[in-house]
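As structure tokens, the structure follows; a few thoughts come after it.
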Amino acid sequence: MSYELSNELQSIRNFGGIDADADNLLRTCFQNHDSYVSVRDMEAFLVLGKKGSGKTAIYKKLVTEKVQDMVALGHTFDDYPWHHHDLQASTGVPEERRYAHSWKYLILIGLAKMLLNDDSSQPWSDEAFDSMQVIENFLVDSYGSRSPDMHQLFSPDKELKLRGGMDLSVVKIEGEVVKVQNLPPHIQEVNREIQKHIFRILNPCVKYFVCFDELDLGFVAGDTQYSRRLIGLLIAARDLFVSSRDSGIQLNPTVFLRDDIFQDLRFEDKNKITENYSTSINWAENSGGLTLKDVMERRFSELLPRGEAAATHVVWGDVFDESKAMPGRQLKYSHILDRTLLRPRDMIKFCNEILNSYKSQGAYGLIENDAVHSARKSYSDYLLNEIEDEIAKHVPEYSEYLEVVKTLGAEKFTKQSFISSYEKRANLSADPEKALSDLFAFSIISYLKPGGRGGGSEYVWRYKDSRARFDPLADSYRVHPGFKEALGLVR
């Protein structure tokens with residue numbers, strides 16, 4: 001059902017922000033993605049997704065949602081005591097576990113703060129009351145507060161006082177005091193005792209979340225220290241997630257991580273975590289799950305009330321005129337979708353640029369082809385800037401690779417034409433096939449996969465299938481349509 005939008009669209013500033021922190025529609029237009037449901041229902045603790053796919057949206061939903069049977073604590077980059085954390089690296093254990101115990105300690109202390117200060121269901125039992133006293137005494141004696149500053153957890157001048165109900169008889173600790181700088185040899189036993197009391201306090205009728213976001217802000221490709229820290233967090237979160245499930249309580253130390261960073265990590269339990277405890281944020285193209293059309297229709301409905309019928313859902317066709325096809329007989333939705341990386345951020349940005357074009361043209365009624373065409377250049381520049389943020393840390397020579405693509409001048413090219421252009425650039429050290437592989441890995445290009453007995457040929461895109469791998473035997477390639485204008489390419 002279409003309706004007149006002449007005044008409404010002209011008065012709208014935008015359809016929301018592309019960054020979760022700046023998106024004023026995030027709370028009202030949040031979509032219950034399968035990944036959010038998996039975390040909320042205690043089926044997964046690790047949330048993987050591309051930059052802009054919606055990880056922070058889920059994080060914010062969890063830590064701000066006011067639900068009677070849920071309590072959540074959120075950590076972001078500034079909360080992680082990186083420097084002091086490094087001092088807690090365990091020795092004499094496999095590299096991948098060097099930070100597991102210190103991360104577990106951080107999670108347990110975060111839980112202790114939450115239980116003492118934010119959980120209205122406490123104490124839910126006599127045993128919980130007794131353990132709350134033990135944990136409160138530990139925090140106040142050691143850190144001077146029942147709500148300690150997370151930055152100070154591993155400060156070398158701190159002393160952990162383990163008296164008052166802590167049973168550490170198996171550990172030889174003089175005076176029941178451990179200086180934080182001497183904690184590593186004892187941290188496993190300290191964690192075990194704290195965890196025992198925390199699990200007694202956790203109310204089995206309440207869901208508890210300790211969420212970790214913005215872990216990618218410190219990412220540097222090839223930084224083994226950073227990789228070890230992340231692996232330690234994943235192992236600590238997995239151990240607590242499984243232990244709580246086995247104990248009949250609902251605890252989820254939820255980790256939000258970019259999938260390209262996760263793919264770079266190498267550790268023994270990675271595949272088990274991937275298969276059993278992770279969820280990936282993927283958006284369906286047209287059916288089979290939540291789509292980016294659903295994302296926009298939720299926003300249209302919030303911004304474009306219909307008077308007496310304000311509760312009515314505003315659909316895509318109420319905003320975009322789909323009666324007039326784009327070049328190639330594409331619907332406008334398909335034309336726009338093809339130029340995204342299937343991320344809400346891209347769809348919102350493109351629609352915002354289209355809205356700007358529509359308003360600058362003084363247009364009225366439904367959005368037509370001209371506004372979409374006019375928005376492509378500014379959107380393409382945005383998309384290239386976005387991908388540069390990700391690829392630069394992994395592929396130092398990526399800008400030179402893009403210059404090779406520019407010299408080809410076309411959206412489609414052959415392997416031989418790429419190699420010929422590549423070899424003319426003397427400052428490139430990598431093999432041209434490695435360059436193609438890197439460009440494919442970040443979905444700047446795809447390769448043509450010949451059709452088999454059951455169907456025709458198709459282009460393989462990494463952003464559509466994270467399991468897709470580069471085919472060194474491929475001969476035909478295509479640049480993602482979203483980069484076409486920014487790279488000055490023709491069809």
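Every chain in the structure tokens takes a letter, A first, then B, and so on in the order presented; its residues are numbered from 1, and the ligands are numbered from 1 following the presented order.
The neighbours of segment 30-41 of chain A here are the residues that come within 8 Å of it, using only C-alpha atoms and leaving out any residue fewer than 2 positions away in the same chain; they are Leu25, Leu26, Arg27, Thr28, Glu43, Ala44, Phe45, Val47, Ala57, Ile58, Lys61, Leu62, Asn252, Thr254, Thr279, Ser280, Ile281, Leu290 and Val295 of chain A.
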Writer output for current selection, N, CA and C atoms, as an mmCIF file, in the first residue's frame:
data_model
loop_
_atom_site.group_PDB
_atom_site.id
_atom_site.type_symbol
_atom_site.label_atom_id
_atom_site.label_comp_id
_atom_site.auth_asym_id
_atom_site.auth_seq_id
_atom_site.Cartn_x
_atom_site.Cartn_y
_atom_site.Cartn_z
ATOM 1 N N LEU A 25 18.538 5.646 16.231
ATOM 2 C CA LEU A 25 17.417 4.722 16.023
ATOM 3 C C LEU A 25 17.744 3.304 16.456
ATOM 4 N N LEU A 26 18.939 3.113 16.985
ATOM 5 C CA LEU A 26 19.385 1.748 17.294
ATOM 6 C C LEU A 26 18.458 1.058 18.285
ATOM 7 N N ARG A 27 18.097 1.752 19.341
ATOM 8 C CA ARG A 27 17.287 1.128 20.390
ATOM 9 C C ARG A 27 15.879 0.793 19.881
ATOM 10 N N THR A 28 15.251 1.752 19.197
ATOM 11 C CA THR A 28 13.864 1.549 18.776
ATOM 12 C C THR A 28 13.754 0.637 17.557
ATOM 13 N N GLU A 43 23.124 -20.152 24.075
ATOM 14 C CA GLU A 43 23.571 -21.168 23.129
ATOM 15 C C GLU A 43 24.968 -20.882 22.593
ATOM 16 N N ALA A 44 25.431 -19.641 22.680
ATOM 17 C CA ALA A 44 26.752 -19.256 22.171
ATOM 18 C C ALA A 44 27.300 -18.115 23.018
ATOM 19 N N PHE A 45 28.631 -18.066 23.133
ATOM 20 C CA PHE A 45 29.250 -16.948 23.845
ATOM 21 C C PHE A 45 30.097 -16.066 22.919
ATOM 22 N N VAL A 47 30.450 -14.019 19.419
ATOM 23 C CA VAL A 47 29.708 -13.412 18.310
ATOM 24 C C VAL A 47 30.711 -12.902 17.289
ATOM 25 N N ALA A 57 25.655 -3.404 18.043
ATOM 26 C CA ALA A 57 24.214 -3.252 18.267
ATOM 27 C C ALA A 57 23.715 -4.313 19.240
ATOM 28 N N ILE A 58 24.180 -5.557 19.053
ATOM 29 C CA ILE A 58 23.786 -6.639 19.965
ATOM 30 C C ILE A 58 24.376 -6.394 21.351
ATOM 31 N N LYS A 61 22.348 -3.782 23.053
ATOM 32 C CA LYS A 61 21.044 -4.326 23.429
ATOM 33 C C LYS A 61 21.153 -5.112 24.732
ATOM 34 N N LEU A 62 22.186 -5.935 24.846
ATOM 35 C CA LEU A 62 22.354 -6.762 26.041
ATOM 36 C C LEU A 62 22.635 -5.928 27.281
ATOM 37 N N ASN A 252 26.908 -16.036 30.793
ATOM 38 C CA ASN A 252 27.447 -15.927 29.441
ATOM 39 C C ASN A 252 28.498 -14.807 29.385
ATOM 40 N N THR A 254 30.229 -12.981 27.153
ATOM 41 C CA THR A 254 30.027 -12.842 25.705
ATOM 42 C C THR A 254 31.130 -12.023 25.068
ATOM 43 N N THR A 279 28.498 -17.846 17.079
ATOM 44 C CA THR A 279 27.431 -17.483 16.163
ATOM 45 C C THR A 279 27.948 -16.369 15.263
ATOM 46 N N SER A 280 27.612 -16.434 13.989
ATOM 47 C CA SER A 280 28.071 -15.434 13.020
ATOM 48 C C SER A 280 26.903 -14.556 12.595
ATOM 49 N N ILE A 281 27.158 -13.254 12.542
ATOM 50 C CA ILE A 281 26.116 -12.319 12.119
ATOM 51 C C ILE A 281 26.115 -12.250 10.598
ATOM 52 N N LEU A 290 16.603 -12.663 8.482
ATOM 53 C CA LEU A 290 16.488 -11.211 8.470
ATOM 54 C C LEU A 290 17.265 -10.635 7.295
ATOM 55 N N VAL A 295 15.754 -4.286 7.907
ATOM 56 C CA VAL A 295 16.416 -3.232 8.680
ATOM 57 C C VAL A 295 15.857 -1.862 8.301
#
Residues near segment 468-485 of chain A, cut-off 8 Å, only C-alpha atoms, skip fewer than 2 positions along chain, as an NGL selection string
:A and (338-340 or 376-377 or 379-381 or 383-384 or 411-416 or 433 or 437 or 440-441 or 443-449 or 459-462 or 465-466 or 487-490)
Residues of the last selection are to be written out with C-alpha atoms, as a tab-separated table (two decimals), in the first residue's frame.
chain	number	residue	atom	x	y	z
A	338	ASP	CA	24.54	-5.48	-4.72
A	339	ARG	CA	26.65	-2.48	-3.74
A	340	THR	CA	26.75	-3.38	-0.05
A	376	ARG	CA	26.48	6.17	-5.97
A	377	LYS	CA	29.71	8.21	-6.07
A	379	TYR	CA	28.51	5.99	-1.28
A	380	SER	CA	31.34	4.32	-3.24
A	381	ASP	CA	33.88	6.67	-1.63
A	383	LEU	CA	32.73	1.98	1.06
A	384	LEU	CA	36.35	2.23	-0.08
A	411	GLU	CA	34.70	-3.89	-13.51
A	412	LYS	CA	35.54	-7.30	-15.00
A	413	PHE	CA	39.04	-8.46	-15.90
A	414	THR	CA	41.11	-11.56	-16.57
A	415	LYS	CA	43.93	-12.97	-14.49
A	416	GLN	CA	46.43	-12.35	-17.28
A	433	GLU	CA	48.47	-14.24	-7.31
A	437	SER	CA	44.01	-13.69	-3.05
A	440	PHE	CA	39.36	-11.65	-2.68
A	441	ALA	CA	39.73	-12.17	1.08
A	443	SER	CA	35.62	-8.97	-0.96
A	444	ILE	CA	37.06	-6.27	-3.21
A	445	ILE	CA	36.99	-8.85	-6.01
A	446	SER	CA	35.31	-12.18	-6.73
A	447	TYR	CA	36.22	-14.95	-9.15
A	448	LEU	CA	34.06	-16.70	-11.71
A	449	LYS	CA	33.32	-20.29	-10.83
A	459	TYR	CA	30.87	-15.27	-9.09
A	460	VAL	CA	32.13	-16.35	-5.68
A	461	TRP	CA	32.13	-13.60	-3.04
A	462	ARG	CA	33.79	-13.95	0.36
A	465	ASP	CA	30.21	-17.06	2.18
A	466	SER	CA	32.86	-16.76	4.89
A	487	LEU	CA	38.04	3.28	-8.47
A	488	GLY	CA	36.89	4.94	-11.70
A	489	LEU	CA	35.85	1.69	-13.40
A	490	VAL	CA	33.44	1.05	-16.25
Contacts of Ser102 of chain A at 10 Å or less, counting only C-alpha atoms, minus same-chain residues fewer than 5 places along, as a PDB file with all heavy atoms, in the first residue's frame?
ATOM      1  N   HIS A  85      47.786  -6.054  32.678  1.00  0.00           N
ATOM      2  CA  HIS A  85      47.335  -7.381  32.259  1.00  0.00           C
ATOM      3  C   HIS A  85      48.524  -8.198  31.750  1.00  0.00           C
ATOM      4  O   HIS A  85      48.649  -9.383  32.060  1.00  0.00           O
ATOM      5  CB  HIS A  85      46.298  -7.200  31.142  1.00  0.00           C
ATOM      6  CG  HIS A  85      45.507  -8.426  30.815  1.00  0.00           C
ATOM      7  ND1 HIS A  85      44.642  -9.027  31.702  1.00  0.00           N
ATOM      8  CD2 HIS A  85      45.425  -9.169  29.688  1.00  0.00           C
ATOM      9  CE1 HIS A  85      44.066 -10.067  31.133  1.00  0.00           C
ATOM     10  NE2 HIS A  85      44.531 -10.183  29.907  1.00  0.00           N
ATOM     11  N   ASP A  86      49.397  -7.555  30.986  1.00  0.00           N
ATOM     12  CA  ASP A  86      50.555  -8.249  30.425  1.00  0.00           C
ATOM     13  C   ASP A  86      51.463  -8.808  31.521  1.00  0.00           C
ATOM     14  O   ASP A  86      52.144  -9.818  31.321  1.00  0.00           O
ATOM     15  CB  ASP A  86      51.362  -7.307  29.523  1.00  0.00           C
ATOM     16  CG  ASP A  86      50.643  -7.013  28.211  1.00  0.00           C
ATOM     17  OD1 ASP A  86      49.697  -7.757  27.883  1.00  0.00           O
ATOM     18  OD2 ASP A  86      51.030  -6.056  27.527  1.00  0.00           O
ATOM     19  N   LEU A  87      51.479  -8.153  32.673  1.00  0.00           N
ATOM     20  CA  LEU A  87      52.331  -8.607  33.768  1.00  0.00           C
ATOM     21  C   LEU A  87      51.828  -9.910  34.383  1.00  0.00           C
ATOM     22  O   LEU A  87      52.539 -10.557  35.145  1.00  0.00           O
ATOM     23  CB  LEU A  87      52.413  -7.523  34.853  1.00  0.00           C
ATOM     24  CG  LEU A  87      52.935  -6.147  34.407  1.00  0.00           C
ATOM     25  CD1 LEU A  87      52.891  -5.161  35.574  1.00  0.00           C
ATOM     26  CD2 LEU A  87      54.356  -6.264  33.867  1.00  0.00           C
ATOM     27  N   GLN A  88      50.575 -10.264  34.052  1.00  0.00           N
ATOM     28  CA  GLN A  88      49.977 -11.454  34.644  1.00  0.00           C
ATOM     29  C   GLN A  88      50.126 -12.698  33.768  1.00  0.00           C
ATOM     30  O   GLN A  88      49.540 -13.738  34.068  1.00  0.00           O
ATOM     31  CB  GLN A  88      48.494 -11.204  34.920  1.00  0.00           C
ATOM     32  CG  GLN A  88      48.237 -10.088  35.922  1.00  0.00           C
ATOM     33  CD  GLN A  88      48.916 -10.350  37.252  1.00  0.00           C
ATOM     34  OE1 GLN A  88      48.836 -11.446  37.783  1.00  0.00           O
ATOM     35  NE2 GLN A  88      49.593  -9.347  37.787  1.00  0.00           N
ATOM     36  N   ALA A  89      50.857 -12.573  32.663  1.00  0.00           N
ATOM     37  CA  ALA A  89      51.026 -13.719  31.769  1.00  0.00           C
ATOM     38  C   ALA A  89      51.640 -14.897  32.521  1.00  0.00           C
ATOM     39  O   ALA A  89      52.668 -14.758  33.175  1.00  0.00           O
ATOM     40  CB  ALA A  89      51.900 -13.338  30.583  1.00  0.00           C
ATOM     41  N   SER A  90      50.989 -16.039  32.435  1.00  0.00           N
ATOM     42  CA  SER A  90      51.493 -17.238  33.115  1.00  0.00           C
ATOM     43  C   SER A  90      52.686 -17.798  32.357  1.00  0.00           C
ATOM     44  O   SER A  90      52.768 -17.708  31.132  1.00  0.00           O
ATOM     45  CB  SER A  90      50.389 -18.295  33.194  1.00  0.00           C
ATOM     46  OG  SER A  90      49.265 -17.798  33.883  1.00  0.00           O
ATOM     47  N   ARG A  97      47.427 -20.270  26.479  1.00  0.00           N
ATOM     48  CA  ARG A  97      46.758 -20.195  27.786  1.00  0.00           C
ATOM     49  C   ARG A  97      47.409 -19.188  28.717  1.00  0.00           C
ATOM     50  O   ARG A  97      47.030 -19.085  29.888  1.00  0.00           O
ATOM     51  CB  ARG A  97      46.736 -21.576  28.453  1.00  0.00           C
ATOM     52  CG  ARG A  97      45.960 -22.640  27.679  1.00  0.00           C
ATOM     53  CD  ARG A  97      45.606 -23.811  28.580  1.00  0.00           C
ATOM     54  NE  ARG A  97      44.642 -23.412  29.601  1.00  0.00           N
ATOM     55  CZ  ARG A  97      43.319 -23.525  29.468  1.00  0.00           C
ATOM     56  NH1 ARG A  97      42.798 -23.996  28.346  1.00  0.00           N
ATOM     57  NH2 ARG A  97      42.516 -23.165  30.431  1.00  0.00           N
ATOM     58  N   ILE A 107      36.939 -11.463  34.580  1.00  0.00           N
ATOM     59  CA  ILE A 107      35.514 -11.776  34.412  1.00  0.00           C
ATOM     60  C   ILE A 107      34.855 -12.010  35.767  1.00  0.00           C
ATOM     61  O   ILE A 107      33.749 -11.515  36.037  1.00  0.00           O
ATOM     62  CB  ILE A 107      35.341 -13.018  33.507  1.00  0.00           C
ATOM     63  CG1 ILE A 107      35.808 -12.708  32.083  1.00  0.00           C
ATOM     64  CG2 ILE A 107      33.871 -13.471  33.488  1.00  0.00           C
ATOM     65  CD1 ILE A 107      35.899 -13.947  31.181  1.00  0.00           C
ATOM     66  N   LEU A 108      35.516 -12.762  36.638  1.00  0.00           N
ATOM     67  CA  LEU A 108      34.949 -13.074  37.949  1.00  0.00           C
ATOM     68  C   LEU A 108      34.785 -11.827  38.803  1.00  0.00           C
ATOM     69  O   LEU A 108      33.778 -11.676  39.507  1.00  0.00           O
ATOM     70  CB  LEU A 108      35.826 -14.100  38.668  1.00  0.00           C
ATOM     71  CG  LEU A 108      35.806 -15.515  38.077  1.00  0.00           C
ATOM     72  CD1 LEU A 108      36.897 -16.372  38.710  1.00  0.00           C
ATOM     73  CD2 LEU A 108      34.431 -16.170  38.261  1.00  0.00           C
ATOM     74  N   LEU A 153      42.781  -3.576  38.682  1.00  0.00           N
ATOM     75  CA  LEU A 153      42.772  -4.973  39.128  1.00  0.00           C
ATOM     76  C   LEU A 153      44.159  -5.572  39.240  1.00  0.00           C
ATOM     77  O   LEU A 153      44.449  -6.341  40.153  1.00  0.00           O
ATOM     78  CB  LEU A 153      41.942  -5.826  38.153  1.00  0.00           C
ATOM     79  CG  LEU A 153      40.434  -5.635  38.131  1.00  0.00           C
ATOM     80  CD1 LEU A 153      39.788  -6.749  37.331  1.00  0.00           C
ATOM     81  CD2 LEU A 153      39.855  -5.597  39.540  1.00  0.00           C
ATOM     82  N   PHE A 154      45.023  -5.228  38.284  1.00  0.00           N
ATOM     83  CA  PHE A 154      46.355  -5.836  38.251  1.00  0.00           C
ATOM     84  C   PHE A 154      47.464  -4.838  38.570  1.00  0.00           C
ATOM     85  O   PHE A 154      48.612  -5.061  38.205  1.00  0.00           O
ATOM     86  CB  PHE A 154      46.601  -6.478  36.884  1.00  0.00           C
ATOM     87  CG  PHE A 154      45.610  -7.552  36.523  1.00  0.00           C
ATOM     88  CD1 PHE A 154      44.804  -7.427  35.411  1.00  0.00           C
ATOM     89  CD2 PHE A 154      45.482  -8.677  37.320  1.00  0.00           C
ATOM     90  CE1 PHE A 154      43.893  -8.411  35.071  1.00  0.00           C
ATOM     91  CE2 PHE A 154      44.569  -9.684  36.993  1.00  0.00           C
ATOM     92  CZ  PHE A 154      43.765  -9.541  35.874  1.00  0.00           C
ATOM     93  N   LEU A 183      51.050 -12.559  41.764  1.00  0.00           N
ATOM     94  CA  LEU A 183      49.826 -13.353  41.628  1.00  0.00           C
ATOM     95  C   LEU A 183      49.936 -14.546  40.675  1.00  0.00           C
ATOM     96  O   LEU A 183      49.349 -15.593  40.946  1.00  0.00           O
ATOM     97  CB  LEU A 183      48.674 -12.432  41.178  1.00  0.00           C
ATOM     98  CG  LEU A 183      47.283 -13.072  41.024  1.00  0.00           C
ATOM     99  CD1 LEU A 183      46.843 -13.722  42.341  1.00  0.00           C
ATOM    100  CD2 LEU A 183      46.266 -12.028  40.564  1.00  0.00           C
ATOM    101  N   PRO A 184      50.648 -14.438  39.539  1.00  0.00           N
ATOM    102  CA  PRO A 184      50.609 -15.525  38.541  1.00  0.00           C
ATOM    103  C   PRO A 184      50.776 -16.941  39.091  1.00  0.00           C
ATOM    104  O   PRO A 184      50.015 -17.836  38.694  1.00  0.00           O
ATOM    105  CB  PRO A 184      51.730 -15.145  37.562  1.00  0.00           C
ATOM    106  CG  PRO A 184      51.719 -13.658  37.582  1.00  0.00           C
ATOM    107  CD  PRO A 184      51.448 -13.297  39.026  1.00  0.00           C
ATOM    108  N   ILE A 187      47.327 -17.686  40.834  1.00  0.00           N
ATOM    109  CA  ILE A 187      46.048 -17.196  40.304  1.00  0.00           C
ATOM    110  C   ILE A 187      45.062 -18.316  40.003  1.00  0.00           C
ATOM    111  O   ILE A 187      43.848 -18.144  40.129  1.00  0.00           O
ATOM    112  CB  ILE A 187      46.291 -16.316  39.050  1.00  0.00           C
ATOM    113  CG1 ILE A 187      45.005 -15.546  38.711  1.00  0.00           C
ATOM    114  CG2 ILE A 187      46.768 -17.152  37.861  1.00  0.00           C
ATOM    115  CD1 ILE A 187      45.212 -14.441  37.696  1.00  0.00           C
ATOM    116  N   GLN A 188      45.548 -19.484  39.636  1.00  0.00           N
ATOM    117  CA  GLN A 188      44.623 -20.573  39.327  1.00  0.00           C
ATOM    118  C   GLN A 188      43.820 -20.972  40.558  1.00  0.00           C
ATOM    119  O   GLN A 188      42.601 -21.163  40.486  1.00  0.00           O
ATOM    120  CB  GLN A 188      45.381 -21.780  38.767  1.00  0.00           C
ATOM    121  CG  GLN A 188      44.474 -22.870  38.227  1.00  0.00           C
ATOM    122  CD  GLN A 188      45.249 -23.929  37.444  1.00  0.00           C
ATOM    123  OE1 GLN A 188      46.449 -23.821  37.255  1.00  0.00           O
ATOM    124  NE2 GLN A 188      44.549 -24.955  36.998  1.00  0.00           N
ATOM    125  N   ASN A 191      41.428 -18.067  41.528  1.00  0.00           N
ATOM    126  CA  ASN A 191      40.243 -18.085  40.663  1.00  0.00           C
ATOM    127  C   ASN A 191      39.263 -19.190  41.058  1.00  0.00           C
ATOM    128  O   ASN A 191      38.051 -18.987  41.061  1.00  0.00           O
ATOM    129  CB  ASN A 191      40.655 -18.297  39.198  1.00  0.00           C
ATOM    130  CG  ASN A 191      41.155 -17.030  38.538  1.00  0.00           C
ATOM    131  OD1 ASN A 191      40.957 -15.927  39.044  1.00  0.00           O
ATOM    132  ND2 ASN A 191      41.805 -17.184  37.400  1.00  0.00           N
ATOM    133  N   ARG A 229      46.566 -12.508  23.901  1.00  0.00           N
ATOM    134  CA  ARG A 229      45.571 -11.933  24.810  1.00  0.00           C
ATOM    135  C   ARG A 229      44.164 -12.359  24.394  1.00  0.00           C
ATOM    136  O   ARG A 229      43.338 -12.756  25.225  1.00  0.00           O
ATOM    137  CB  ARG A 229      45.658 -10.406  24.812  1.00  0.00           C
ATOM    138  CG  ARG A 229      46.882  -9.822  25.456  1.00  0.00           C
ATOM    139  CD  ARG A 229      46.669  -8.330  25.658  1.00  0.00           C
ATOM    140  NE  ARG A 229      47.920  -7.595  25.712  1.00  0.00           N
ATOM    141  CZ  ARG A 229      48.338  -6.773  24.762  1.00  0.00           C
ATOM    142  NH1 ARG A 229      47.605  -6.584  23.686  1.00  0.00           N
ATOM    143  NH2 ARG A 229      49.469  -6.115  24.894  1.00  0.00           N
ATOM    144  N   GLY A 232      43.509 -15.997  25.055  1.00  0.00           N
ATOM    145  CA  GLY A 232      43.295 -16.193  26.489  1.00  0.00           C
ATOM    146  C   GLY A 232      41.879 -15.839  26.901  1.00  0.00           C
ATOM    147  O   GLY A 232      41.247 -16.542  27.706  1.00  0.00           O
ATOM    148  N   LEU A 233      41.354 -14.740  26.355  1.00  0.00           N
ATOM    149  CA  LEU A 233      39.981 -14.340  26.665  1.00  0.00           C
ATOM    150  C   LEU A 233      38.983 -15.392  26.173  1.00  0.00           C
ATOM    151  O   LEU A 233      38.042 -15.753  26.886  1.00  0.00           O
ATOM    152  CB  LEU A 233      39.669 -12.985  26.029  1.00  0.00           C
ATOM    153  CG  LEU A 233      38.215 -12.513  26.120  1.00  0.00           C
ATOM    154  CD1 LEU A 233      37.744 -12.438  27.569  1.00  0.00           C
ATOM    155  CD2 LEU A 233      38.044 -11.168  25.432  1.00  0.00           C
ATOM    156  N   ALA A 236      39.164 -18.430  28.468  1.00  0.00           N
ATOM    157  CA  ALA A 236      38.573 -18.143  29.779  1.00  0.00           C
ATOM    158  C   ALA A 236      37.054 -18.074  29.683  1.00  0.00           C
ATOM    159  O   ALA A 236      36.338 -18.634  30.532  1.00  0.00           O
ATOM    160  CB  ALA A 236      39.127 -16.822  30.316  1.00  0.00           C
TER     161      ALA A 236
END
What residues in segment 207-301 of chain A get the DSSP label alpha helix (DSSP H)? Please answer as number ranges by chain.
A: 224-246, 259-264, 270-277, 292-301
Near-Leu46 of chain A list (8 Å; only C-alpha atoms; drop same-chain fewer than 3 positions) as an MDAnalysis selection string
chainID A and resid 234 254:257 277:279
Identify, with DSSP run on backbone atoms, the residues in segment 424-483 of chain A assigned to strand (DSSP E or B), and express the list as a count of residues only.
12
Output as CSV one row per residue of segment 109-193 of chain A within 12 Å of segment 209-227 of chain A: the closest atom pair and its distance in Å to one decimal place, counting only C-alpha atoms, sorted by chain and residue number ascending.
residue,atom,partner,partner_atom,distance
A:Ile109,CA,A:Val210,CA,10.4
A:Gly110,CA,A:Val210,CA,7.3
A:Leu111,CA,A:Val210,CA,7.1
A:Ala112,CA,A:Val210,CA,10.8
A:Lys113,CA,A:Val210,CA,10.9
A:Met114,CA,A:Val210,CA,9.1
A:Leu115,CA,A:Phe209,CA,11.2
A:Asp119,CA,A:Phe209,CA,11.7
Convert the current residue selection to file output with N, CA and C atoms, as a PDB file, in the first residue's frame.
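Full text of selection-v9.pdb as output:
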ATOM      1  N   ILE A 109      35.752 -10.911  38.737  1.00  0.00           N
ATOM      2  CA  ILE A 109      35.632  -9.671  39.509  1.00  0.00           C
ATOM      3  C   ILE A 109      34.512  -8.808  38.932  1.00  0.00           C
ATOM      4  N   GLY A 110      34.367  -8.792  37.612  1.00  0.00           N
ATOM      5  CA  GLY A 110      33.244  -8.077  37.011  1.00  0.00           C
ATOM      6  C   GLY A 110      31.914  -8.647  37.480  1.00  0.00           C
ATOM      7  N   LEU A 111      31.829  -9.969  37.545  1.00  0.00           N
ATOM      8  CA  LEU A 111      30.626 -10.619  38.054  1.00  0.00           C
ATOM      9  C   LEU A 111      30.369 -10.256  39.510  1.00  0.00           C
ATOM     10  N   ALA A 112      31.434 -10.238  40.300  1.00  0.00           N
ATOM     11  CA  ALA A 112      31.292  -9.893  41.712  1.00  0.00           C
ATOM     12  C   ALA A 112      30.703  -8.490  41.867  1.00  0.00           C
ATOM     13  N   LYS A 113      31.217  -7.525  41.095  1.00  0.00           N
ATOM     14  CA  LYS A 113      30.667  -6.164  41.129  1.00  0.00           C
ATOM     15  C   LYS A 113      29.188  -6.163  40.773  1.00  0.00           C
ATOM     16  N   MET A 114      28.840  -6.888  39.729  1.00  0.00           N
ATOM     17  CA  MET A 114      27.463  -6.921  39.245  1.00  0.00           C
ATOM     18  C   MET A 114      26.535  -7.541  40.292  1.00  0.00           C
ATOM     19  N   LEU A 115      26.968  -8.624  40.904  1.00  0.00           N
ATOM     20  CA  LEU A 115      26.133  -9.313  41.884  1.00  0.00           C
ATOM     21  C   LEU A 115      25.917  -8.482  43.143  1.00  0.00           C
ATOM     22  N   ASP A 119      22.292  -6.737  41.018  1.00  0.00           N
ATOM     23  CA  ASP A 119      21.368  -7.864  40.936  1.00  0.00           C
ATOM     24  C   ASP A 119      20.333  -7.773  42.058  1.00  0.00           C
TER      25      ASP A 119
END
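From atom CA of Val242 of chain A back to atom CA of Asp118 of chain A, the distance works out to 23.7 Å.
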Closest to Ser243 of chain A among A:Ile198, A:Val405, A:Leu439, A:Ile354, using only C-alpha atoms?
A:Ile198
If you count only C-alpha atoms, which residues fall within 9 Å of segment 390-400 of chain A, apart from same-chain ones fewer than 2 positions away, as an MDAnalysis selection string?
chainID A and resid 51 219:222 260 386:388 402:405 425 427:430 435 438:439 442
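Atom CA of Ser378 of chain A lies 23.7 Å from atom CA of Trp283 of chain A.
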Compile the contact shell of Ser334 of chain A as a ChimeraX atom specification: residues with an atom at most 12 Å away, counting only C-alpha atoms, same-chain residues fewer than 5 positions apart removed.
/A:285-286,291-293,316,320,322,325-329,339-340,342,347,372,481
Deliver the residues from the most recent selection as a file, using C-alpha atoms, as a short mmCIF file (atom, residue, chain, number, x, y, z; two decimals), in the first residue's frame.
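Result file follows (out.cif):
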data_model
loop_
_atom_site.label_atom_id
_atom_site.label_comp_id
_atom_site.auth_asym_id
_atom_site.auth_seq_id
_atom_site.Cartn_x
_atom_site.Cartn_y
_atom_site.Cartn_z
CA GLU A 285 19.82 -11.27 0.68
CA ASN A 286 16.11 -11.72 0.04
CA THR A 291 17.34 -9.02 5.47
CA LEU A 292 18.67 -5.51 5.06
CA LYS A 293 15.25 -4.63 3.67
CA TRP A 316 10.17 -0.67 0.97
CA PHE A 320 11.13 3.57 -3.29
CA GLU A 322 9.92 -0.03 -7.80
CA ALA A 325 13.50 -0.64 -13.06
CA MET A 326 17.16 0.31 -12.76
CA PRO A 327 19.59 -0.53 -15.63
CA GLY A 328 19.68 -4.28 -16.21
CA ARG A 329 16.03 -4.45 -15.16
CA ARG A 339 26.65 -2.48 -3.74
CA THR A 340 26.75 -3.38 -0.05
CA LEU A 342 25.50 -7.27 3.29
CA MET A 347 22.54 -0.17 3.59
CA VAL A 372 19.87 6.39 -6.59
CA PRO A 481 30.07 -2.95 -7.73
#
Which polymer residues have any atom within 12 Å of an atom of Arg13 of chain A, counting only C-alpha atoms, with same-chain residues fewer than 2 positions away left out, as a list in words?
Glu8, Leu9, Gln10, Ser11, Phe15, Gly16, Gly17, Asn24, Leu303, Leu304, Cys351, Asn352, Glu353, Ile354, Leu355, Asn356, Tyr358 and Lys359 of chain A
